[in-house]
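File shown here: target.pdb, holding PDB, C-alpha atoms and all ligand atoms.
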ATOM      1  CA  MET A   1      47.209  54.031  67.381  1.00  0.00           C
ATOM      2  CA  SER A   2      45.144  54.765  64.321  1.00  0.00           C
ATOM      3  CA  ARG A   3      42.058  56.628  65.405  1.00  0.00           C
ATOM      4  CA  VAL A   4      41.490  59.798  67.396  1.00  0.00           C
ATOM      5  CA  SER A   5      39.163  57.887  69.697  1.00  0.00           C
ATOM      6  CA  ASP A   6      42.104  55.659  70.684  1.00  0.00           C
ATOM      7  CA  PHE A   7      43.973  58.741  71.849  1.00  0.00           C
ATOM      8  CA  THR A   8      40.893  60.011  73.697  1.00  0.00           C
ATOM      9  CA  GLU A   9      40.462  56.668  75.438  1.00  0.00           C
ATOM     10  CA  LEU A  10      44.139  56.466  76.325  1.00  0.00           C
ATOM     11  CA  VAL A  11      44.365  59.911  77.910  1.00  0.00           C
ATOM     12  CA  ALA A  12      41.109  59.300  79.816  1.00  0.00           C
ATOM     13  CA  GLU A  13      42.954  56.479  81.614  1.00  0.00           C
ATOM     14  CA  LEU A  14      45.825  58.716  82.730  1.00  0.00           C
ATOM     15  CA  ASP A  15      45.942  60.262  86.173  1.00  0.00           C
ATOM     16  CA  TYR A  16      47.551  63.569  87.074  1.00  0.00           C
ATOM     17  CA  PRO A  17      47.329  66.351  89.681  1.00  0.00           C
ATOM     18  CA  MET A  18      44.611  68.950  89.502  1.00  0.00           C
ATOM     19  CA  TYR A  19      45.057  72.676  90.055  1.00  0.00           C
ATOM     20  CA  ILE A  20      42.795  75.622  90.731  1.00  0.00           C
ATOM     21  CA  VAL A  21      43.938  78.633  88.737  1.00  0.00           C
ATOM     22  CA  THR A  22      42.802  82.123  89.706  1.00  0.00           C
ATOM     23  CA  ALA A  23      43.222  85.505  88.062  1.00  0.00           C
ATOM     24  CA  ALA A  24      42.181  89.112  88.576  1.00  0.00           C
ATOM     25  CA  ALA A  25      42.031  92.035  86.170  1.00  0.00           C
ATOM     26  CA  ASP A  26      40.093  95.304  85.960  1.00  0.00           C
ATOM     27  CA  GLY A  27      38.366  94.577  89.274  1.00  0.00           C
ATOM     28  CA  GLU A  28      37.099  91.185  88.075  1.00  0.00           C
ATOM     29  CA  ARG A  29      38.073  87.827  89.589  1.00  0.00           C
ATOM     30  CA  ALA A  30      37.916  84.422  87.942  1.00  0.00           C
ATOM     31  CA  GLY A  31      39.164  80.913  88.424  1.00  0.00           C
ATOM     32  CA  CYS A  32      38.666  77.343  87.329  1.00  0.00           C
ATOM     33  CA  LEU A  33      39.796  73.786  87.966  1.00  0.00           C
ATOM     34  CA  VAL A  34      42.612  72.778  85.604  1.00  0.00           C
ATOM     35  CA  GLY A  35      44.032  69.376  84.750  1.00  0.00           C
ATOM     36  CA  PHE A  36      46.173  70.583  81.885  1.00  0.00           C
ATOM     37  CA  GLY A  37      49.121  71.928  83.866  1.00  0.00           C
ATOM     38  CA  THR A  38      52.782  71.039  84.075  1.00  0.00           C
ATOM     39  CA  GLN A  39      56.191  72.279  85.105  1.00  0.00           C
ATOM     40  CA  THR A  40      58.096  72.990  81.916  1.00  0.00           C
ATOM     41  CA  SER A  41      61.537  74.013  83.206  1.00  0.00           C
ATOM     42  CA  ILE A  42      63.698  73.616  86.340  1.00  0.00           C
ATOM     43  CA  HIS A  43      66.231  76.412  85.749  1.00  0.00           C
ATOM     44  CA  PRO A  44      64.573  78.786  85.250  1.00  0.00           C
ATOM     45  CA  GLU A  45      61.433  77.647  87.094  1.00  0.00           C
ATOM     46  CA  ARG A  46      58.458  77.658  84.751  1.00  0.00           C
ATOM     47  CA  PHE A  47      54.930  76.267  84.916  1.00  0.00           C
ATOM     48  CA  LEU A  48      52.300  76.046  82.176  1.00  0.00           C
ATOM     49  CA  VAL A  49      48.541  76.067  82.762  1.00  0.00           C
ATOM     50  CA  CYS A  50      46.058  75.646  79.915  1.00  0.00           C
ATOM     51  CA  ILE A  51      42.699  77.401  80.055  1.00  0.00           C
ATOM     52  CA  SER A  52      39.810  76.555  77.765  1.00  0.00           C
ATOM     53  CA  VAL A  53      38.700  79.181  75.274  1.00  0.00           C
ATOM     54  CA  LYS A  54      35.137  78.586  76.516  1.00  0.00           C
ATOM     55  CA  ASN A  55      35.818  79.339  80.158  1.00  0.00           C
ATOM     56  CA  HIS A  56      34.816  82.518  81.916  1.00  0.00           C
ATOM     57  CA  THR A  57      38.329  82.500  83.369  1.00  0.00           C
ATOM     58  CA  LEU A  58      40.012  82.989  79.983  1.00  0.00           C
ATOM     59  CA  PRO A  59      39.231  86.673  79.275  1.00  0.00           C
ATOM     60  CA  VAL A  60      40.201  87.610  82.828  1.00  0.00           C
ATOM     61  CA  ALA A  61      43.454  85.653  82.534  1.00  0.00           C
ATOM     62  CA  GLU A  62      44.104  87.288  79.157  1.00  0.00           C
ATOM     63  CA  LYS A  63      44.044  90.706  80.847  1.00  0.00           C
ATOM     64  CA  ALA A  64      45.850  89.655  84.044  1.00  0.00           C
ATOM     65  CA  SER A  65      49.564  90.160  84.594  1.00  0.00           C
ATOM     66  CA  LEU A  66      49.917  87.122  86.866  1.00  0.00           C
ATOM     67  CA  LEU A  67      48.137  83.921  87.846  1.00  0.00           C
ATOM     68  CA  ALA A  68      47.851  81.898  91.043  1.00  0.00           C
ATOM     69  CA  VAL A  69      47.957  78.110  90.928  1.00  0.00           C
ATOM     70  CA  HIS A  70      46.523  76.236  93.917  1.00  0.00           C
ATOM     71  CA  VAL A  71      47.303  72.569  94.549  1.00  0.00           C
ATOM     72  CA  PRO A  72      44.300  71.174  96.427  1.00  0.00           C
ATOM     73  CA  SER A  73      44.598  68.139  98.667  1.00  0.00           C
ATOM     74  CA  GLU A  74      41.894  65.631  99.522  1.00  0.00           C
ATOM     75  CA  GLU A  75      41.004  67.529 102.690  1.00  0.00           C
ATOM     76  CA  PRO A  76      37.212  68.045 102.585  1.00  0.00           C
ATOM     77  CA  ALA A  77      37.467  71.852 102.389  1.00  0.00           C
ATOM     78  CA  GLU A  78      39.853  71.570  99.446  1.00  0.00           C
ATOM     79  CA  GLN A  79      37.644  69.001  97.729  1.00  0.00           C
ATOM     80  CA  ARG A  80      34.785  71.485  98.020  1.00  0.00           C
ATOM     81  CA  LEU A  81      36.976  74.109  96.366  1.00  0.00           C
ATOM     82  CA  ALA A  82      37.780  71.765  93.491  1.00  0.00           C
ATOM     83  CA  GLU A  83      34.088  71.049  93.018  1.00  0.00           C
ATOM     84  CA  LEU A  84      33.154  74.744  93.170  1.00  0.00           C
ATOM     85  CA  PHE A  85      35.804  75.815  90.676  1.00  0.00           C
ATOM     86  CA  GLY A  86      35.294  72.843  88.356  1.00  0.00           C
ATOM     87  CA  SER A  87      31.547  72.563  88.149  1.00  0.00           C
ATOM     88  CA  GLU A  88      30.413  76.177  88.418  1.00  0.00           C
ATOM     89  CA  THR A  89      31.086  78.859  85.844  1.00  0.00           C
ATOM     90  CA  GLY A  90      31.764  82.494  86.568  1.00  0.00           C
ATOM     91  CA  ASP A  91      29.263  83.242  83.785  1.00  0.00           C
ATOM     92  CA  LYS A  92      26.515  82.383  86.281  1.00  0.00           C
ATOM     93  CA  THR A  93      28.055  82.137  89.746  1.00  0.00           C
ATOM     94  CA  ASP A  94      30.388  84.350  91.713  1.00  0.00           C
ATOM     95  CA  LYS A  95      32.590  81.532  93.008  1.00  0.00           C
ATOM     96  CA  PHE A  96      34.429  83.956  95.267  1.00  0.00           C
ATOM     97  CA  ALA A  97      31.192  84.644  97.172  1.00  0.00           C
ATOM     98  CA  HIS A  98      31.131  80.928  98.061  1.00  0.00           C
ATOM     99  CA  CYS A  99      34.629  80.508  99.488  1.00  0.00           C
ATOM    100  CA  ALA A 100      37.096  82.343 101.699  1.00  0.00           C
ATOM    101  CA  TRP A 101      39.942  84.080  99.911  1.00  0.00           C
ATOM    102  CA  HIS A 102      42.322  86.970 100.272  1.00  0.00           C
ATOM    103  CA  ARG A 103      44.221  89.220  97.913  1.00  0.00           C
ATOM    104  CA  GLY A 104      47.648  87.935  96.963  1.00  0.00           C
ATOM    105  CA  PRO A 105      50.358  89.419  94.748  1.00  0.00           C
ATOM    106  CA  GLY A 106      48.860  91.759  92.151  1.00  0.00           C
ATOM    107  CA  ASP A 107      45.449  91.298  93.828  1.00  0.00           C
ATOM    108  CA  VAL A 108      45.151  87.739  92.510  1.00  0.00           C
ATOM    109  CA  PRO A 109      42.702  85.792  94.714  1.00  0.00           C
ATOM    110  CA  ILE A 110      44.366  83.251  97.011  1.00  0.00           C
ATOM    111  CA  LEU A 111      41.941  80.613  98.257  1.00  0.00           C
ATOM    112  CA  ASP A 112      42.217  80.291 102.047  1.00  0.00           C
ATOM    113  CA  ALA A 113      41.349  76.583 102.168  1.00  0.00           C
ATOM    114  CA  ALA A 114      44.090  75.643  99.712  1.00  0.00           C
ATOM    115  CA  ALA A 115      47.250  75.303 101.765  1.00  0.00           C
ATOM    116  CA  ALA A 116      49.605  74.920  98.796  1.00  0.00           C
ATOM    117  CA  TRP A 117      49.784  77.546  96.091  1.00  0.00           C
ATOM    118  CA  PHE A 118      52.177  79.556  93.994  1.00  0.00           C
ATOM    119  CA  SER A 119      51.818  82.600  91.807  1.00  0.00           C
ATOM    120  CA  GLY A 120      53.887  84.465  89.329  1.00  0.00           C
ATOM    121  CA  PRO A 121      53.893  86.716  86.312  1.00  0.00           C
ATOM    122  CA  ILE A 122      52.554  85.485  82.993  1.00  0.00           C
ATOM    123  CA  LEU A 123      55.505  85.299  80.602  1.00  0.00           C
ATOM    124  CA  SER A 124      53.591  84.206  77.498  1.00  0.00           C
ATOM    125  CA  ARG A 125      50.182  83.225  76.206  1.00  0.00           C
ATOM    126  CA  THR A 126      50.102  80.565  73.500  1.00  0.00           C
ATOM    127  CA  PRO A 127      47.106  79.306  71.509  1.00  0.00           C
ATOM    128  CA  LEU A 128      47.187  75.516  71.875  1.00  0.00           C
ATOM    129  CA  GLY A 129      43.994  74.389  70.151  1.00  0.00           C
ATOM    130  CA  ASP A 130      40.873  74.819  72.271  1.00  0.00           C
ATOM    131  CA  HIS A 131      42.996  75.893  75.248  1.00  0.00           C
ATOM    132  CA  VAL A 132      45.391  78.802  75.725  1.00  0.00           C
ATOM    133  CA  GLY A 133      48.671  78.019  77.459  1.00  0.00           C
ATOM    134  CA  PHE A 134      49.838  80.499  80.103  1.00  0.00           C
ATOM    135  CA  LEU A 135      53.493  80.164  80.985  1.00  0.00           C
ATOM    136  CA  ILE A 136      54.196  81.541  84.421  1.00  0.00           C
ATOM    137  CA  GLU A 137      57.304  82.217  86.452  1.00  0.00           C
ATOM    138  CA  PRO A 138      56.514  81.079  90.010  1.00  0.00           C
ATOM    139  CA  ASP A 139      57.906  83.644  92.445  1.00  0.00           C
ATOM    140  CA  THR A 140      55.610  83.582  95.490  1.00  0.00           C
ATOM    141  CA  GLY A 141      53.702  80.916  97.341  1.00  0.00           C
ATOM    142  CA  GLU A 142      53.305  78.551 100.231  1.00  0.00           C
ATOM    143  CA  CYS A 143      54.348  74.943 100.229  1.00  0.00           C
ATOM    144  CA  PRO A 144      53.273  72.850 103.215  1.00  0.00           C
ATOM    145  CA  ASP A 145      53.868  69.101 103.251  1.00  0.00           C
ATOM    146  CA  LEU A 146      51.596  67.888 100.489  1.00  0.00           C
ATOM    147  CA  ILE A 147      49.734  64.672 101.205  1.00  0.00           C
ATOM    148  CA  ASP A 148      47.105  63.178  98.921  1.00  0.00           C
ATOM    149  CA  VAL A 149      46.711  65.864  96.306  1.00  0.00           C
ATOM    150  CA  ILE A 150      43.525  65.775  94.278  1.00  0.00           C
ATOM    151  CA  THR A 151      44.055  64.035  90.967  1.00  0.00           C
ATOM    152  CA  PHE A 152      42.030  63.674  87.788  1.00  0.00           C
ATOM    153  CA  ARG A 153      40.528  60.379  89.015  1.00  0.00           C
ATOM    154  CA  ASP A 154      39.109  62.143  92.068  1.00  0.00           C
ATOM    155  CA  VAL A 155      37.217  64.734  90.025  1.00  0.00           C
ATOM    156  CA  GLN A 156      36.569  63.206  86.619  1.00  0.00           C
ATOM    157  CA  HIS A 157      32.952  62.599  87.670  1.00  0.00           C
ATOM    158  CA  LEU A 158      32.312  66.349  87.958  1.00  0.00           C
ATOM    159  CA  GLU A 159      30.263  67.985  85.255  1.00  0.00           C
ATOM    160  CA  PRO A 160      32.391  70.945  84.136  1.00  0.00           C
ATOM    161  CA  GLY A 161      30.769  74.371  84.345  1.00  0.00           C
ATOM    162  CA  HIS A 162      31.640  74.748  80.669  1.00  0.00           C
ATOM    163  CA  GLU A 163      31.779  71.989  78.095  1.00  0.00           C
ATOM    164  CA  ALA A 164      35.392  71.324  77.085  1.00  0.00           C
TER     165      ALA A 164
HETATM  166  C1  LIG B 201      38.355  66.838  85.719  1.00  0.00           C
HETATM  167  C2  LIG B 201      38.305  68.227  85.121  1.00  0.00           C
HETATM  168  C3  LIG B 201      39.410  68.741  84.452  1.00  0.00           C
HETATM  169  C4  LIG B 201      39.364  70.026  83.893  1.00  0.00           C
HETATM  170  N1  LIG B 201      40.479  70.545  83.276  1.00  0.00           N
HETATM  171  C5  LIG B 201      40.421  71.775  82.750  1.00  0.00           C
HETATM  172  C6  LIG B 201      41.584  72.363  82.161  1.00  0.00           C
HETATM  173  O1  LIG B 201      42.666  71.776  82.109  1.00  0.00           O
HETATM  174  N2  LIG B 201      41.480  73.614  81.659  1.00  0.00           N
HETATM  175  C7  LIG B 201      40.320  74.322  81.706  1.00  0.00           C
HETATM  176  O2  LIG B 201      40.289  75.449  81.226  1.00  0.00           O
HETATM  177  N3  LIG B 201      39.198  73.803  82.248  1.00  0.00           N
HETATM  178  C8  LIG B 201      39.235  72.556  82.786  1.00  0.00           C
HETATM  179  N4  LIG B 201      38.134  72.023  83.362  1.00  0.00           N
HETATM  180  C9  LIG B 201      36.856  72.712  83.234  1.00  0.00           C
HETATM  181  C10 LIG B 201      36.638  73.934  84.117  1.00  0.00           C
HETATM  182  O3  LIG B 201      37.237  73.782  85.397  1.00  0.00           O
HETATM  183  C11 LIG B 201      35.124  74.154  84.295  1.00  0.00           C
HETATM  184  O4  LIG B 201      34.462  74.179  83.046  1.00  0.00           O
HETATM  185  C12 LIG B 201      34.831  75.408  85.085  1.00  0.00           C
HETATM  186  O5  LIG B 201      33.501  75.330  85.532  1.00  0.00           O
HETATM  187  C13 LIG B 201      35.014  76.670  84.250  1.00  0.00           C
HETATM  188  O6  LIG B 201      34.795  77.775  85.069  1.00  0.00           O
HETATM  189  P1  LIG B 201      34.753  79.253  84.465  1.00  0.00           P
HETATM  190  O7  LIG B 201      33.766  79.255  83.326  1.00  0.00           O
HETATM  191  O8  LIG B 201      34.312  80.117  85.625  1.00  0.00           O
HETATM  192  O9  LIG B 201      36.131  79.580  84.022  1.00  0.00           O
HETATM  193  C14 LIG B 201      38.177  70.786  83.984  1.00  0.00           C
HETATM  194  C15 LIG B 201      37.074  70.278  84.693  1.00  0.00           C
HETATM  195  C16 LIG B 201      37.139  69.021  85.253  1.00  0.00           C
HETATM  196  C17 LIG B 201      35.934  68.507  86.015  1.00  0.00           C
END
Target encoding structure tokens, full file:
Amino acid sequence: MSRVSDFTELVAELDYPMYIVTAAADGERAGCLVGFGTQTSIHPERFLVCISVKNHTLPVAEKASLLAVHVPSEEPAEQRLAELFGSETGDKTDKFAHCAWHRGPGDVPILDAAAAWFSGPILSRTPLGDHVGFLIEPDTGECPDLIDVITFRDVQHLEPGHEA
């Protein structure tokens, strides 16, 4: 591999699960679709989500004490959530006025249509280039049998609310 474009082309061919990350702070709610997410440790349990510096979600997540990570499946209602949170920006649209949700731990919004989710305190925030990595300690959530989770291939056609 000799050129950056080779790397860009290679990673565009990869497939991986998608997440919807939500946050709340100072009475404000935010959330976005995230592909850059991964478990980083088994014992202790740790999960990293990376939020773009351009996203409306970032300043809310910076002030929040915890995050919620939803794992949408290909059920139509969950696909609609992925589209809403990936192609609209909180700069212009109150996404939470367009979906059902309830307050979870620390008032973080939990999206009703997303059956699988977890939340936990933010342990660290790390600048990682044009994204900030939030390391969380999952301590609450619901885990039904997960079938057909939404992956990058399912949503790569969406036009992101913010340019990456
Ligand atoms: C396939 C796909 C993957 C994305 N992955 C990420 C990601 O890993 N991190 C991120 O911050 N935004 C990601 N986005 C972009 C945001 O979800 C999108 O710009 C969203 O509209 C931002 O909303 P906000 O401005 O309300 O935060 C992705 C979007 C798509 C369509």
Can you build me a table of chain A residues sitting at most 6 Å from ligand LIG 201 (chain B), with the closest atom pair per residue and its distance in Å to one decimal, using only C-alpha atoms and all ligand atoms, sorted by chain and residue number, as a Markdown table?
| residue | atom | partner | partner_atom | distance |
| --- | --- | --- | --- | --- |
| A:Gly31 | CA | B:LIG201 | O9 | 5.5 |
| A:Cys32 | CA | B:LIG201 | O3 | 4.3 |
| A:Leu33 | CA | B:LIG201 | O3 | 3.6 |
| A:Val34 | CA | B:LIG201 | C6 | 3.6 |
| A:Gly35 | CA | B:LIG201 | O1 | 3.8 |
| A:Phe36 | CA | B:LIG201 | O1 | 3.7 |
| A:Cys50 | CA | B:LIG201 | N2 | 5.3 |
| A:Ile51 | CA | B:LIG201 | O2 | 3.3 |
| A:Ser52 | CA | B:LIG201 | O2 | 3.7 |
| A:Asn55 | CA | B:LIG201 | O7 | 3.8 |
| A:His56 | CA | B:LIG201 | O7 | 3.7 |
| A:Thr57 | CA | B:LIG201 | O9 | 3.7 |
| A:Phe85 | CA | B:LIG201 | O5 | 5.7 |
| A:Gly86 | CA | B:LIG201 | O3 | 3.7 |
| A:Ser87 | CA | B:LIG201 | O5 | 4.3 |
| A:Glu88 | CA | B:LIG201 | O5 | 4.3 |
| A:Thr89 | CA | B:LIG201 | O8 | 3.5 |
| A:Gly90 | CA | B:LIG201 | O8 | 3.6 |
| A:Phe152 | CA | B:LIG201 | C1 | 5.3 |
| A:Val155 | CA | B:LIG201 | C1 | 4.9 |
| A:Gln156 | CA | B:LIG201 | C1 | 4.1 |
| A:Leu158 | CA | B:LIG201 | C17 | 4.6 |
| A:Glu159 | CA | B:LIG201 | C17 | 5.7 |
| A:Pro160 | CA | B:LIG201 | O4 | 4.0 |
| A:Gly161 | CA | B:LIG201 | O5 | 3.1 |
| A:His162 | CA | B:LIG201 | O4 | 3.7 |
(message) If we count only C-alpha atoms and set the cut-off at 6 Å, which residues sit around region 108-113 of chain A, ignoring sequence neighbours fewer than 6 positions away in its own chain? Please answer as a PyMOL selection string.
(response) chain A and resi 23-24+78+100-102
Using only C-alpha atoms, please write the residues we just selected to a file, as a short mmCIF file (atom, residue, chain, number, x, y, z; two decimals), keeping the file's coordinate frame.
data_model
loop_
_atom_site.label_atom_id
_atom_site.label_comp_id
_atom_site.auth_asym_id
_atom_site.auth_seq_id
_atom_site.Cartn_x
_atom_site.Cartn_y
_atom_site.Cartn_z
CA ALA A 23 43.22 85.50 88.06
CA ALA A 24 42.18 89.11 88.58
CA GLU A 78 39.85 71.57 99.45
CA ALA A 100 37.10 82.34 101.70
CA TRP A 101 39.94 84.08 99.91
CA HIS A 102 42.32 86.97 100.27
#
With region 137-150 of chain A as the partner and 6 Å as the cut-off, tabulate the residues of region 71-112 of chain A that qualify, each row holding the nearest pair of atoms and their distance in Å to one decimal, using only C-alpha atoms, sorted by chain and rising number, as JSON lines.
{"residue": "A:Pro72", "atom": "CA", "partner": "A:Val149", "partner_atom": "CA", "distance": 5.8}
{"residue": "A:Ser73", "atom": "CA", "partner": "A:Val149", "partner_atom": "CA", "distance": 3.9}
{"residue": "A:Glu74", "atom": "CA", "partner": "A:Ile150", "partner_atom": "CA", "distance": 5.5}
So what does the PyMOL selection byres (((chain A and resi 118-128) around 9) and not hetatm) actually pick up in this one, as a JSON list (two decimals) with C-alpha atoms, in the frame of the given file?
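Dumped everything to result-v8.json:
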[["chain", "number", "residue", "atom", "x", "y", "z"],
["A", 50, "CYS", "CA", 46.06, 75.65, 79.92],
["A", 62, "GLU", "CA", 44.10, 87.29, 79.16],
["A", 64, "ALA", "CA", 45.85, 89.66, 84.04],
["A", 65, "SER", "CA", 49.56, 90.16, 84.59],
["A", 66, "LEU", "CA", 49.92, 87.12, 86.87],
["A", 67, "LEU", "CA", 48.14, 83.92, 87.85],
["A", 68, "ALA", "CA", 47.85, 81.90, 91.04],
["A", 69, "VAL", "CA", 47.96, 78.11, 90.93],
["A", 70, "HIS", "CA", 46.52, 76.24, 93.92],
["A", 71, "VAL", "CA", 47.30, 72.57, 94.55],
["A", 104, "GLY", "CA", 47.65, 87.94, 96.96],
["A", 105, "PRO", "CA", 50.36, 89.42, 94.75],
["A", 108, "VAL", "CA", 45.15, 87.74, 92.51],
["A", 116, "ALA", "CA", 49.60, 74.92, 98.80],
["A", 117, "TRP", "CA", 49.78, 77.55, 96.09],
["A", 129, "GLY", "CA", 43.99, 74.39, 70.15],
["A", 130, "ASP", "CA", 40.87, 74.82, 72.27],
["A", 131, "HIS", "CA", 43.00, 75.89, 75.25],
["A", 132, "VAL", "CA", 45.39, 78.80, 75.72],
["A", 133, "GLY", "CA", 48.67, 78.02, 77.46],
["A", 134, "PHE", "CA", 49.84, 80.50, 80.10],
["A", 135, "LEU", "CA", 53.49, 80.16, 80.98],
["A", 136, "ILE", "CA", 54.20, 81.54, 84.42],
["A", 137, "GLU", "CA", 57.30, 82.22, 86.45],
["A", 138, "PRO", "CA", 56.51, 81.08, 90.01],
["A", 139, "ASP", "CA", 57.91, 83.64, 92.44],
["A", 140, "THR", "CA", 55.61, 83.58, 95.49],
["A", 141, "GLY", "CA", 53.70, 80.92, 97.34],
["A", 142, "GLU", "CA", 53.30, 78.55, 100.23],
["A", 143, "CYS", "CA", 54.35, 74.94, 100.23]]
(request) Kindly indicate which residue among A:Glu75, A:Glu28, A:Asp6, A:Asp15 lies nearest to Ala61 (chain A), using only C-alpha atoms for the distances. (result) A:Glu28
(request) Kindly indicate which residue among A:Tyr19, A:Val4, A:Leu10, A:Gly27 lies nearest to Arg103 (chain A), using only C-alpha atoms for the distances. (result) A:Gly27
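Taking CA of Val60 (chain A) as the reference point, CA of Arg29 (chain A) is found at 7.1 Å.
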